[in-house]
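Engineer: Below you will find the structure I want to go over with you.
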Amino acid sequence: MSPVFGHGRLRLYLLKLLEESPRHGYEVIRLLQDRFLGVYSPSPGTIYPRLARLEEEGLVTHEVLEGKKVFTITDRGRDELNTRLDELADLEQEISDSVRDIAREVKEDVRDTVKSLREELTQMARDVRQGARQEQSQSRNEQREAWREQKAEWQRQKQEWQRQKQEWQRQSHEWKHDWKRIWADSFTGHGSRDRDARLGQMLAEFVEELRGDAAGAQVTEETLATAQDALYDAARRIRDALR
C-alpha cells in the first residue's frame, strides 16, 4: 500500500471517489493506478474487503448491474466525509506531492536511460568505425601480401624463362659444332665441290629454319633431345645415301 494511505486513510479516499460517482471495484482500482501514474496499483484483495467493510458500516451500498457490484455512497457516508474535510484536504495535498515526486523520479529515470542509451549508441558507432578501419587495414595487408606473392611468381617465371633461353643457346651452340663435324665427316672426299656446297647451303637453311621454329616455341629438355635425335638420324641417312 502507498505510504500516503497509512492509518486508515485509504478508507477516506474510497468515500471521496464514491462521492464523485458510483463505481465498481475494478474502476476504483484503475482510478488509483492512474492517479499515481501506475506506480501504485492496489490489488483486488486490498480494495474489495474495504468496500465490503464500508458497506457493513452503512457508509456505502451496492447494486448489481450487468453482473458487477456498483458501489454508491450513502448519506451516512457523506456525513462522515464532510466531517473529515480538513483531513481529506491534507490527503489530497500529500497525494499531489507524492505524484509530483513520482513524476520527477520517472523523469530522472527517463533522462538517465536516454543518456545511457546515447552513450551505448555512441560506443556502438565508435566500435563499428574501428571495426571498419581494422577490416580496411586487414584488406590492404592482404592485398599487399597478394601483390608480393604475385611479384615473386613473376620473378620465378622470369628466371625460368631466362634459364630455358640460356639452355636453348647452349644447345644451339652444341648443334652447330655437331653439324659441322657430321657434315665434315660425311662429305670429305666424296663427290664434287659444287654438290658439297649445295648440300651445305641446304643444310644451313634447314638448320636456320629449325632454329627459327624453335625460337618461337617454349623449348624444354625433352623437345631438345627429340630434335637432336632427329637431326642425327637425318645426318646418318644422308651420309649413307652419299656413300
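Naming works like this for the C-alpha cells: A, B, ... for the chains as they're shown, residue 1 at the start of each chain, ligands 1 onward in shown order.
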Residues near Phe5 in chain A, anyone? I mean within 12 Å using only C-alpha atoms, not counting same-chain ones fewer than 3 positions away, as number ranges by chain.
Structural biologist: A: 1-2, 8-14, 32, 40, 42, 46, 87-88, 90-92, 94-95, 98
Engineer: Might you pull out every residue within 9 Å of His62 in chain A, with only C-alpha atoms counted and same-chain residues fewer than 5 positions away left off, and present them as a list in words?
Structural biologist: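 Answer for this query is Pro22, His24, Glu55, Lys69, Val70, Phe71, Thr72 and Ile73 of chain A.
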Engineer: Write to file, as a short mmCIF file (atom, residue, chain, number, x, y, z; two decimals), in the first residue's frame, the residues of the selection just made, with C-alpha atoms.
Structural biologist:
```cif
data_model
loop_
_atom_site.label_atom_id
_atom_site.label_comp_id
_atom_site.auth_asym_id
_atom_site.auth_seq_id
_atom_site.Cartn_x
_atom_site.Cartn_y
_atom_site.Cartn_z
CA PRO A 22 -20.97 5.31 -8.23
CA HIS A 24 -17.47 -0.83 -9.23
CA GLU A 55 -20.99 -1.31 3.31
CA LYS A 69 -21.29 -4.75 -7.97
CA VAL A 70 -21.59 -0.98 -8.33
CA PHE A 71 -20.98 0.85 -5.03
CA THR A 72 -22.68 4.12 -4.13
CA ILE A 73 -22.04 6.37 -1.13
#
```
Engineer: Rounded to one decimal place, report the CA of Arg170 in chain A-CA of Asp233 in chain A distance in Å.
Structural biologist: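 Going from CA of Arg170 in chain A over to CA of Asp233 in chain A covers 20.8 Å.
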Engineer: Could you check how far CA of Asp75 in chain A sits from CA of Gly58 in chain A, in Å to one decimal?
Structural biologist: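 One can read the CA of Asp75 in chain A to CA of Gly58 in chain A distance as 9.0 Å.
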Engineer: In Å, rounded to a single decimal, give me how far CA of Leu31 in chain A is from CA of Asp86 in chain A.
Structural biologist: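 Separation of CA of Asp86 in chain A and CA of Leu31 in chain A: 22.2 Å.
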